[in-house]
Amino acid sequence: MEENYELLESKLKHYLSLYWLRPENGLITTFKSKAFENLKIESPSLDLSCGDGMYMAIHLGAEFDFDFDFFKSTKAKEFSHSKFIDIYDVFDKNYEVDFVKKPSMQIDYGADWKQAMLDKAEKTKVYKNLVHHDNNKLPLPFADNYFKSIHSNSVYWVNEPDKLISDIYRITAPGGNVALELLTPHRYETLVQLEKFLSHEAIEILDRKRRANTTGMREYSEWKEIIENAGFKIKQVNSVYPDKLIMDIWNIGLRPIAHLLIQMAEALDKEDRIRIKEEWVEIFFKLFKPFLKINTSYTIDNAPYLAFLLEK
Ligand SMILES: C[S@@+](CC[C@H](N)C(=O)[O-])C[C@H]1O[C@@H](n2cnc3c(N)ncnc32)[C@H](O)[C@@H]1O
């Protein structure tokens with residue numbers, strides 16, 4: 001038990017170092033990784049909507065060089081609250097990933113609909129093959145009964161998640177395991193509460209069009225039905241986060257000023273950037289470490305994110 005806690009603290013440190021200008025992301029990714037700590041990844045394996053591969057690299061034990069900085073490759077200058085863009089959807093040809101420790105294993109396939117994300121993921125060497133695919137387009141470009149293990153923390157970004165889950169069933173081998181992190185409407189309760197006090201404009205700054213863009217939110221009972229109708233057996237389901245405090249921190253966090261923090265960091269020379277980052281990460285590590293031990297108050301019915309372990 002104690003050993004697991006130490007591992008979790010070390011994960012928190014590494015995720016905080018990676019996402020240093022968005023410390024709330026460092027906190028939530030630690031819980032994401034914890035939710036799937038017992039996941040067995042057997043070959044052939046797939047990470048559907050793998051993004052830039054950074055989350056999975058640390059999940060699989062990688063440690064990045066402290067000098068490696070995720071925020072050096074963004075379009076932060078082009079962002080404003082009236083002109084919403086994905087500032088991470090960019091690949092700079094000088095982008096290199098420096099590891100102190102490589103991930104403990106490789107996943108056979110990573111897939112995503114953003115080429116820039118796949119280009120970054122390629123640098124992590126977490127995936128043997130990378131596939132450019134929009135999950136709204138079905139069937140997925142994989143054979144029936146193929147994968148022994150599938151992970152996805154992004155199924156809910158599509159318009160019809162029920163159809164996607166049925167197709168994930170099709171590509172899973174009999175007896176294969178599937179790990180899905182799914183979203184419920186409880187994710188935005190912080191914003192609903194703040195709506196009573198803040199102006200529409202202030203809520204828009206905090207929301208950043210997330211609610212309008214997340215079409216695949218479902219309650220637990222609806223996910224259960226979708227999953228069972230697809231044919232899967234539910235082996236386990238847990239709340240990814242223990243308590244609403246974590247969601248409150250994440251729904252506010254440094255998101256509103258992230259594009260400015262990134263530009264400020266860009267103006268620093270290498271030495272200052274590393275010195276400030278070190279102290280910064282230490283402060284957030286002290287602030288967030290106690291959350292790793294708090295009791296779970298969310299239930300399956302009011303959890304904002306659910307970690308499902310399924311079997312075909
Ligand atoms: C929250 S990120 C998670 C990325 C990665 N799994 C991680 O944990 O860092 C969501 C990912 O889903 C991808 N995505 C969103 N909609 C998609 C779609 N329709 N088809 C494929 N990928 C999609 C995005 O490009 C992004 O990489």
# chains A, B, ... in the order shown; residues from 1 in each chain; ligands from 1
>>> select_by_dssp(residues="region 14-130 of chain A", states="strand (DSSP E or B)", output="mmCIF file with all heavy atoms, in the first residue's frame")
data_model
loop_
_atom_site.group_PDB
_atom_site.id
_atom_site.type_symbol
_atom_site.label_atom_id
_atom_site.label_comp_id
_atom_site.auth_asym_id
_atom_site.auth_seq_id
_atom_site.Cartn_x
_atom_site.Cartn_y
_atom_site.Cartn_z
ATOM 1 N N SER A 45 -1.979 -4.270 -28.845
ATOM 2 C CA SER A 45 -2.614 -3.267 -27.991
ATOM 3 C C SER A 45 -2.845 -1.969 -28.763
ATOM 4 O O SER A 45 -2.146 -1.679 -29.737
ATOM 5 C CB SER A 45 -1.735 -3.001 -26.776
ATOM 6 O OG SER A 45 -0.412 -2.711 -27.180
ATOM 7 N N LEU A 46 -3.833 -1.207 -28.288
ATOM 8 C CA LEU A 46 -4.203 0.060 -28.957
ATOM 9 C C LEU A 46 -4.495 1.126 -27.916
ATOM 10 O O LEU A 46 -5.174 0.859 -26.917
ATOM 11 C CB LEU A 46 -5.474 -0.182 -29.811
ATOM 12 C CG LEU A 46 -6.240 1.054 -30.316
ATOM 13 C CD1 LEU A 46 -5.428 1.808 -31.373
ATOM 14 C CD2 LEU A 46 -7.605 0.646 -30.925
ATOM 15 N N ASP A 47 -3.987 2.349 -28.154
ATOM 16 C CA ASP A 47 -4.394 3.516 -27.366
ATOM 17 C C ASP A 47 -5.157 4.419 -28.335
ATOM 18 O O ASP A 47 -4.558 5.057 -29.206
ATOM 19 C CB ASP A 47 -3.159 4.222 -26.783
ATOM 20 C CG ASP A 47 -3.527 5.343 -25.822
ATOM 21 O OD1 ASP A 47 -4.716 5.445 -25.448
ATOM 22 O OD2 ASP A 47 -2.629 6.124 -25.444
ATOM 23 N N LEU A 48 -6.478 4.429 -28.207
ATOM 24 C CA LEU A 48 -7.338 5.164 -29.143
ATOM 25 C C LEU A 48 -7.464 6.611 -28.669
ATOM 26 O O LEU A 48 -7.854 6.859 -27.528
ATOM 27 C CB LEU A 48 -8.712 4.475 -29.178
ATOM 28 C CG LEU A 48 -9.670 4.893 -30.274
ATOM 29 C CD1 LEU A 48 -9.138 4.533 -31.657
ATOM 30 C CD2 LEU A 48 -11.037 4.262 -30.059
ATOM 31 N N GLU A 63 10.350 8.844 -17.456
ATOM 32 C CA GLU A 63 10.705 10.096 -16.774
ATOM 33 C C GLU A 63 11.376 10.978 -17.814
ATOM 34 O O GLU A 63 12.334 10.551 -18.467
ATOM 35 C CB GLU A 63 11.650 9.798 -15.606
ATOM 36 C CG GLU A 63 10.945 9.004 -14.525
ATOM 37 C CD GLU A 63 11.870 8.574 -13.377
ATOM 38 O OE1 GLU A 63 12.961 9.143 -13.236
ATOM 39 O OE2 GLU A 63 11.454 7.667 -12.646
ATOM 40 N N PHE A 64 10.863 12.191 -17.951
ATOM 41 C CA PHE A 64 11.438 13.115 -18.935
ATOM 42 C C PHE A 64 12.566 13.910 -18.298
ATOM 43 O O PHE A 64 12.534 14.179 -17.095
ATOM 44 C CB PHE A 64 10.382 14.090 -19.458
ATOM 45 C CG PHE A 64 9.286 13.425 -20.229
ATOM 46 C CD1 PHE A 64 8.033 13.258 -19.682
ATOM 47 C CD2 PHE A 64 9.531 12.936 -21.505
ATOM 48 C CE1 PHE A 64 7.025 12.614 -20.389
ATOM 49 C CE2 PHE A 64 8.527 12.296 -22.223
ATOM 50 C CZ PHE A 64 7.272 12.144 -21.665
ATOM 51 N N SER A 80 -6.796 33.888 -27.947
ATOM 52 C CA SER A 80 -7.400 34.904 -27.089
ATOM 53 C C SER A 80 -8.759 34.355 -26.697
ATOM 54 O O SER A 80 -9.261 33.417 -27.333
ATOM 55 C CB SER A 80 -7.543 36.239 -27.817
ATOM 56 O OG SER A 80 -8.610 36.139 -28.721
ATOM 57 N N LYS A 83 -11.017 34.358 -29.526
ATOM 58 C CA LYS A 83 -10.647 33.544 -30.696
ATOM 59 C C LYS A 83 -10.058 32.233 -30.192
ATOM 60 O O LYS A 83 -8.856 32.091 -29.997
ATOM 61 C CB LYS A 83 -9.623 34.322 -31.537
ATOM 62 C CG LYS A 83 -9.328 33.734 -32.880
ATOM 63 C CD LYS A 83 -8.433 34.679 -33.685
ATOM 64 C CE LYS A 83 -7.282 33.955 -34.312
ATOM 65 N NZ LYS A 83 -5.979 34.184 -33.786
ATOM 66 N N PHE A 99 14.392 11.693 -22.618
ATOM 67 C CA PHE A 99 14.039 10.850 -21.469
ATOM 68 C C PHE A 99 15.220 10.675 -20.524
ATOM 69 O O PHE A 99 16.360 10.565 -20.959
ATOM 70 C CB PHE A 99 13.685 9.427 -21.950
ATOM 71 C CG PHE A 99 12.357 9.324 -22.633
ATOM 72 C CD1 PHE A 99 12.274 9.033 -23.982
ATOM 73 C CD2 PHE A 99 11.188 9.490 -21.916
ATOM 74 C CE1 PHE A 99 11.040 8.900 -24.613
ATOM 75 C CE2 PHE A 99 9.961 9.367 -22.539
ATOM 76 C CZ PHE A 99 9.888 9.073 -23.881
ATOM 77 N N VAL A 100 14.907 10.602 -19.227
ATOM 78 C CA VAL A 100 15.884 10.129 -18.256
ATOM 79 C C VAL A 100 15.664 8.624 -18.139
ATOM 80 O O VAL A 100 16.585 7.841 -17.998
ATOM 81 C CB VAL A 100 15.662 10.831 -16.888
ATOM 82 C CG1 VAL A 100 16.518 10.196 -15.812
ATOM 83 C CG2 VAL A 100 15.906 12.315 -17.003
ATOM 84 N N LYS A 101 14.384 8.241 -18.209
ATOM 85 C CA LYS A 101 14.009 6.824 -18.170
ATOM 86 C C LYS A 101 12.936 6.593 -19.225
ATOM 87 O O LYS A 101 11.962 7.362 -19.296
ATOM 88 C CB LYS A 101 13.453 6.536 -16.774
ATOM 89 C CG LYS A 101 13.352 5.089 -16.425
ATOM 90 C CD LYS A 101 12.978 4.946 -14.945
ATOM 91 C CE LYS A 101 12.094 3.757 -14.757
ATOM 92 N NZ LYS A 101 11.241 3.904 -13.588
ATOM 93 N N ILE A 107 3.258 0.299 -26.782
ATOM 94 C CA ILE A 107 1.910 -0.082 -27.204
ATOM 95 C C ILE A 107 1.966 -0.255 -28.725
ATOM 96 O O ILE A 107 2.667 0.508 -29.405
ATOM 97 C CB ILE A 107 0.903 0.996 -26.745
ATOM 98 C CG1 ILE A 107 0.838 0.952 -25.205
ATOM 99 C CG2 ILE A 107 -0.470 0.809 -27.372
ATOM 100 C CD1 ILE A 107 -0.137 1.900 -24.579
ATOM 101 N N ASP A 108 1.258 -1.262 -29.251
ATOM 102 C CA ASP A 108 1.401 -1.553 -30.682
ATOM 103 C C ASP A 108 0.869 -0.438 -31.585
ATOM 104 O O ASP A 108 1.478 -0.100 -32.584
ATOM 105 C CB ASP A 108 0.708 -2.882 -31.012
ATOM 106 C CG ASP A 108 1.401 -4.017 -30.305
ATOM 107 O OD1 ASP A 108 2.586 -4.246 -30.596
ATOM 108 O OD2 ASP A 108 0.780 -4.632 -29.412
ATOM 109 N N TYR A 109 -0.313 0.111 -31.210
ATOM 110 C CA TYR A 109 -0.903 1.165 -32.053
ATOM 111 C C TYR A 109 -1.361 2.354 -31.205
ATOM 112 O O TYR A 109 -1.969 2.164 -30.154
ATOM 113 C CB TYR A 109 -2.135 0.645 -32.816
ATOM 114 C CG TYR A 109 -1.787 -0.294 -33.937
ATOM 115 C CD1 TYR A 109 -1.635 -1.650 -33.678
ATOM 116 C CD2 TYR A 109 -1.602 0.179 -35.237
ATOM 117 C CE1 TYR A 109 -1.299 -2.529 -34.709
ATOM 118 C CE2 TYR A 109 -1.269 -0.695 -36.262
ATOM 119 C CZ TYR A 109 -1.116 -2.041 -35.995
ATOM 120 O OH TYR A 109 -0.778 -2.890 -37.013
ATOM 121 N N GLY A 110 -1.084 3.553 -31.702
ATOM 122 C CA GLY A 110 -1.672 4.782 -31.155
ATOM 123 C C GLY A 110 -2.453 5.395 -32.302
ATOM 124 O O GLY A 110 -2.004 5.356 -33.460
ATOM 125 N N ALA A 111 -3.645 5.949 -32.012
ATOM 126 C CA ALA A 111 -4.426 6.585 -33.086
ATOM 127 C C ALA A 111 -4.956 7.920 -32.593
ATOM 128 O O ALA A 111 -5.276 8.081 -31.406
ATOM 129 C CB ALA A 111 -5.587 5.670 -33.494
ATOM 130 N N ASP A 112 -5.027 8.894 -33.494
ATOM 131 C CA ASP A 112 -5.591 10.204 -33.149
ATOM 132 C C ASP A 112 -5.990 10.895 -34.451
ATOM 133 O O ASP A 112 -5.519 10.534 -35.527
ATOM 134 C CB ASP A 112 -4.556 11.060 -32.402
ATOM 135 C CG ASP A 112 -5.207 12.118 -31.515
ATOM 136 O OD1 ASP A 112 -5.578 13.205 -32.037
ATOM 137 O OD2 ASP A 112 -5.372 11.865 -30.304
ATOM 138 N N TYR A 127 4.595 4.266 -29.022
ATOM 139 C CA TYR A 127 3.774 3.464 -29.934
ATOM 140 C C TYR A 127 4.624 2.905 -31.079
ATOM 141 O O TYR A 127 5.456 3.621 -31.639
ATOM 142 C CB TYR A 127 2.639 4.336 -30.509
ATOM 143 C CG TYR A 127 1.846 5.012 -29.415
ATOM 144 C CD1 TYR A 127 2.038 6.354 -29.092
ATOM 145 C CD2 TYR A 127 0.924 4.283 -28.651
ATOM 146 C CE1 TYR A 127 1.341 6.965 -28.060
ATOM 147 C CE2 TYR A 127 0.234 4.875 -27.617
ATOM 148 C CZ TYR A 127 0.434 6.213 -27.327
ATOM 149 O OH TYR A 127 -0.248 6.803 -26.296
ATOM 150 N N LYS A 128 4.356 1.640 -31.425
ATOM 151 C CA LYS A 128 5.094 1.053 -32.556
ATOM 152 C C LYS A 128 4.548 1.568 -33.875
ATOM 153 O O LYS A 128 5.271 1.706 -34.852
ATOM 154 C CB LYS A 128 4.969 -0.480 -32.519
ATOM 155 C CG LYS A 128 5.741 -1.105 -31.364
ATOM 156 C CD LYS A 128 5.681 -2.629 -31.452
ATOM 157 C CE LYS A 128 6.256 -3.220 -30.179
ATOM 158 N NZ LYS A 128 5.770 -4.575 -29.921
ATOM 159 N N ASN A 129 3.226 1.801 -33.922
ATOM 160 C CA ASN A 129 2.577 2.294 -35.154
ATOM 161 C C ASN A 129 1.628 3.421 -34.792
ATOM 162 O O ASN A 129 0.960 3.344 -33.755
ATOM 163 C CB ASN A 129 1.718 1.183 -35.778
ATOM 164 C CG ASN A 129 2.519 -0.053 -36.079
ATOM 165 O OD1 ASN A 129 3.235 -0.112 -37.056
ATOM 166 N ND2 ASN A 129 2.405 -1.049 -35.216
ATOM 167 N N LEU A 130 1.556 4.431 -35.660
ATOM 168 C CA LEU A 130 0.625 5.540 -35.404
ATOM 169 C C LEU A 130 -0.352 5.659 -36.565
ATOM 170 O O LEU A 130 0.041 5.568 -37.737
ATOM 171 C CB LEU A 130 1.403 6.837 -35.197
ATOM 172 C CG LEU A 130 2.152 6.841 -33.849
ATOM 173 C CD1 LEU A 130 3.260 7.864 -33.829
ATOM 174 C CD2 LEU A 130 1.185 7.084 -32.693
#
>>> residues_around(residues="Gly231 (chain A)", least_positions_apart="6", cutoff="10 Å", atoms="only C-alpha atoms", output="number ranges by chain")
A: 165-166, 169-170, 225, 310-312
>>> select_by_dssp(residues="region 199-303 of chain A", states="alpha helix (DSSP H)", output="count of residues only")
60
>>> closest_residue(among="A:Tyr188, A:Tyr5, A:Tyr88, A:Phe36", to="Val237 (chain A)", atoms="only C-alpha atoms")
A:Phe36
>>> residues_around(residues="Tyr95 (chain A)", least_positions_apart="5", cutoff="10 Å", atoms="only C-alpha atoms", output="PyMOL selection string")
chain A and resi 68-70+72-73+119-120+123
>>> residues_around(residues="region 253-261 of chain A", least_positions_apart="6", cutoff="7 Å", atoms="only C-alpha atoms", output="ChimeraX atom specification")
/A:21-22,24,76-77,79,205-206
>>> write_last_selection(atoms="N, CA and C atoms", output="PDB file, in the first residue's frame")
ATOM      1  N   LEU A  21       3.018  24.520 -16.352  1.00  0.00           N
ATOM      2  CA  LEU A  21       2.248  25.773 -16.428  1.00  0.00           C
ATOM      3  C   LEU A  21       0.751  25.530 -16.266  1.00  0.00           C
ATOM      4  N   ARG A  22       0.354  24.265 -16.268  1.00  0.00           N
ATOM      5  CA  ARG A  22      -1.045  23.879 -15.995  1.00  0.00           C
ATOM      6  C   ARG A  22      -1.042  22.845 -14.863  1.00  0.00           C
ATOM      7  N   GLU A  24      -2.904  22.062 -12.541  1.00  0.00           N
ATOM      8  CA  GLU A  24      -4.141  21.292 -12.324  1.00  0.00           C
ATOM      9  C   GLU A  24      -4.192  20.072 -13.247  1.00  0.00           C
ATOM     10  N   ALA A  76       0.488  29.535 -28.479  1.00  0.00           N
ATOM     11  CA  ALA A  76      -0.069  30.373 -27.404  1.00  0.00           C
ATOM     12  C   ALA A  76      -0.311  31.820 -27.858  1.00  0.00           C
ATOM     13  N   LYS A  77       0.560  32.320 -28.727  1.00  0.00           N
ATOM     14  CA  LYS A  77       0.439  33.724 -29.169  1.00  0.00           C
ATOM     15  C   LYS A  77      -0.840  33.974 -29.949  1.00  0.00           C
ATOM     16  N   PHE A  79      -3.744  32.628 -29.358  1.00  0.00           N
ATOM     17  CA  PHE A  79      -4.968  32.412 -28.567  1.00  0.00           C
ATOM     18  C   PHE A  79      -5.465  33.712 -27.941  1.00  0.00           C
ATOM     19  N   ILE A 205     -14.917  32.587 -20.018  1.00  0.00           N
ATOM     20  CA  ILE A 205     -13.453  32.496 -19.857  1.00  0.00           C
ATOM     21  C   ILE A 205     -13.083  31.174 -19.184  1.00  0.00           C
ATOM     22  N   LEU A 206     -13.865  30.801 -18.177  1.00  0.00           N
ATOM     23  CA  LEU A 206     -13.575  29.548 -17.459  1.00  0.00           C
ATOM     24  C   LEU A 206     -13.954  28.319 -18.290  1.00  0.00           C
TER      25      LEU A 206
END
>>> residues_around(residues="Ala57 (chain A)", least_positions_apart="4", cutoff="8 Å", atoms="only C-alpha atoms", output="list in words")
Gly53, Gly61, Ala62, Lys102, Pro103, Thr124 and Val126 of chain A
>>> residues_near_ligand(ligand="ligand 1", cutoff="9 Å", atoms="only C-alpha atoms and all ligand atoms", output="CSV table (one decimal) with C-alpha atoms, in the first residue's frame")
chain,number,residue,atom,x,y,z
A,29,THR,CA,-3.5,13.1,-14.9
A,32,LYS,CA,-6.2,9.2,-14.4
A,47,ASP,CA,-4.4,3.5,-27.4
A,48,LEU,CA,-7.3,5.2,-29.1
A,49,SER,CA,-7.0,9.0,-29.2
A,50,CYS,CA,-3.5,8.8,-27.9
A,51,GLY,CA,-2.8,12.5,-28.3
A,52,ASP,CA,0.9,13.4,-28.0
A,53,GLY,CA,1.7,10.2,-26.0
A,54,MET,CA,3.0,12.1,-23.0
A,55,TYR,CA,0.3,11.0,-20.6
A,56,MET,CA,0.8,7.3,-21.6
A,89,ASP,CA,-2.2,21.5,-32.3
A,111,ALA,CA,-4.4,6.6,-33.1
A,112,ASP,CA,-5.6,10.2,-33.1
A,113,TRP,CA,-7.3,12.6,-35.6
A,114,LYS,CA,-4.6,15.4,-35.2
A,115,GLN,CA,-1.5,14.8,-37.2
A,116,ALA,CA,0.5,17.2,-35.0
A,117,MET,CA,-0.3,15.1,-32.0
A,118,LEU,CA,0.8,11.9,-33.8
A,132,HIS,CA,-4.3,9.1,-38.3
A,133,HIS,CA,-8.1,8.6,-37.9
A,134,ASP,CA,-11.2,10.5,-36.9
A,135,ASN,CA,-13.3,8.3,-34.6
A,136,ASN,CA,-16.5,9.8,-35.9
A,137,LYS,CA,-15.8,7.8,-39.1
A,151,HIS,CA,-7.2,1.9,-23.8
A,152,SER,CA,-9.0,5.1,-24.5
A,153,ASN,CA,-9.6,8.2,-22.3
A,154,SER,CA,-11.3,10.1,-25.2
A,155,VAL,CA,-14.3,8.1,-26.4
A,156,TYR,CA,-16.7,10.8,-25.4
A,157,TRP,CA,-15.3,13.4,-27.9
A,158,VAL,CA,-17.3,11.9,-30.7
A,159,ASN,CA,-20.9,12.6,-31.7
>>> closest_residue(among="A:Glu37, A:Glu42, A:Glu6, A:Asp98", to="Leu60 (chain A)", atoms="only C-alpha atoms")
A:Glu37
>>> closest_residue(among="A:Ala307, A:Ala202, A:Leu18, A:Ile58", to="Ser104 (chain A)", atoms="only C-alpha atoms")
A:Ile58
>>> residues_around(residues="Phe232 (chain A)", least_positions_apart="3", cutoff="12 Å", atoms="only C-alpha atoms", output="list of chain:residue names")
A:Ile165, A:Ser166, A:Asp167, A:Ile168, A:Tyr169, A:Arg170, A:Thr172, A:Ala173, A:Pro174, A:Gly175, A:Gly176, A:Asn177, A:Val178, A:Ala179, A:Leu180, A:Trp223, A:Lys224, A:Glu225, A:Ile226, A:Ile227, A:Glu228, A:Asn229, A:Lys235, A:Gln236, A:Phe308, A:Leu309, A:Leu310, A:Glu311, A:Lys312
>>> residues_around(residues="Lys286 (chain A)", least_positions_apart="3", cutoff="12 Å", atoms="only C-alpha atoms", output="mmCIF file with C-alpha atoms, in the first residue's frame")
data_model
loop_
_atom_site.group_PDB
_atom_site.id
_atom_site.type_symbol
_atom_site.label_atom_id
_atom_site.label_comp_id
_atom_site.auth_asym_id
_atom_site.auth_seq_id
_atom_site.Cartn_x
_atom_site.Cartn_y
_atom_site.Cartn_z
ATOM 1 C CA GLU A 9 3.774 10.673 -5.473
ATOM 2 C CA LEU A 12 2.485 13.411 -9.455
ATOM 3 C CA LYS A 13 5.974 14.902 -9.545
ATOM 4 C CA LEU A 16 3.532 18.274 -12.597
ATOM 5 C CA PRO A 23 -0.479 22.313 -12.550
ATOM 6 C CA LEU A 27 -2.932 16.685 -10.623
ATOM 7 C CA GLU A 279 10.608 26.013 -7.588
ATOM 8 C CA TRP A 280 7.176 26.158 -9.241
ATOM 9 C CA VAL A 281 6.849 22.362 -9.455
ATOM 10 C CA GLU A 282 8.001 21.975 -5.817
ATOM 11 C CA ILE A 283 5.300 24.404 -4.632
ATOM 12 C CA LYS A 289 0.405 15.820 -2.503
ATOM 13 C CA PRO A 290 -2.195 15.551 0.303
ATOM 14 C CA PHE A 291 -4.961 15.080 -2.288
ATOM 15 C CA LEU A 292 -3.448 11.705 -3.163
#
>>> atom_distance(atom1="CA of Leu287 (chain A)", atom2="CA of Ser10 (chain A)")
14.5 Å
>>> closest_residue(among="A:Leu8, A:Ile171, A:Ile276, A:Ile85", to="Phe147 (chain A)", atoms="only C-alpha atoms")
A:Ile171
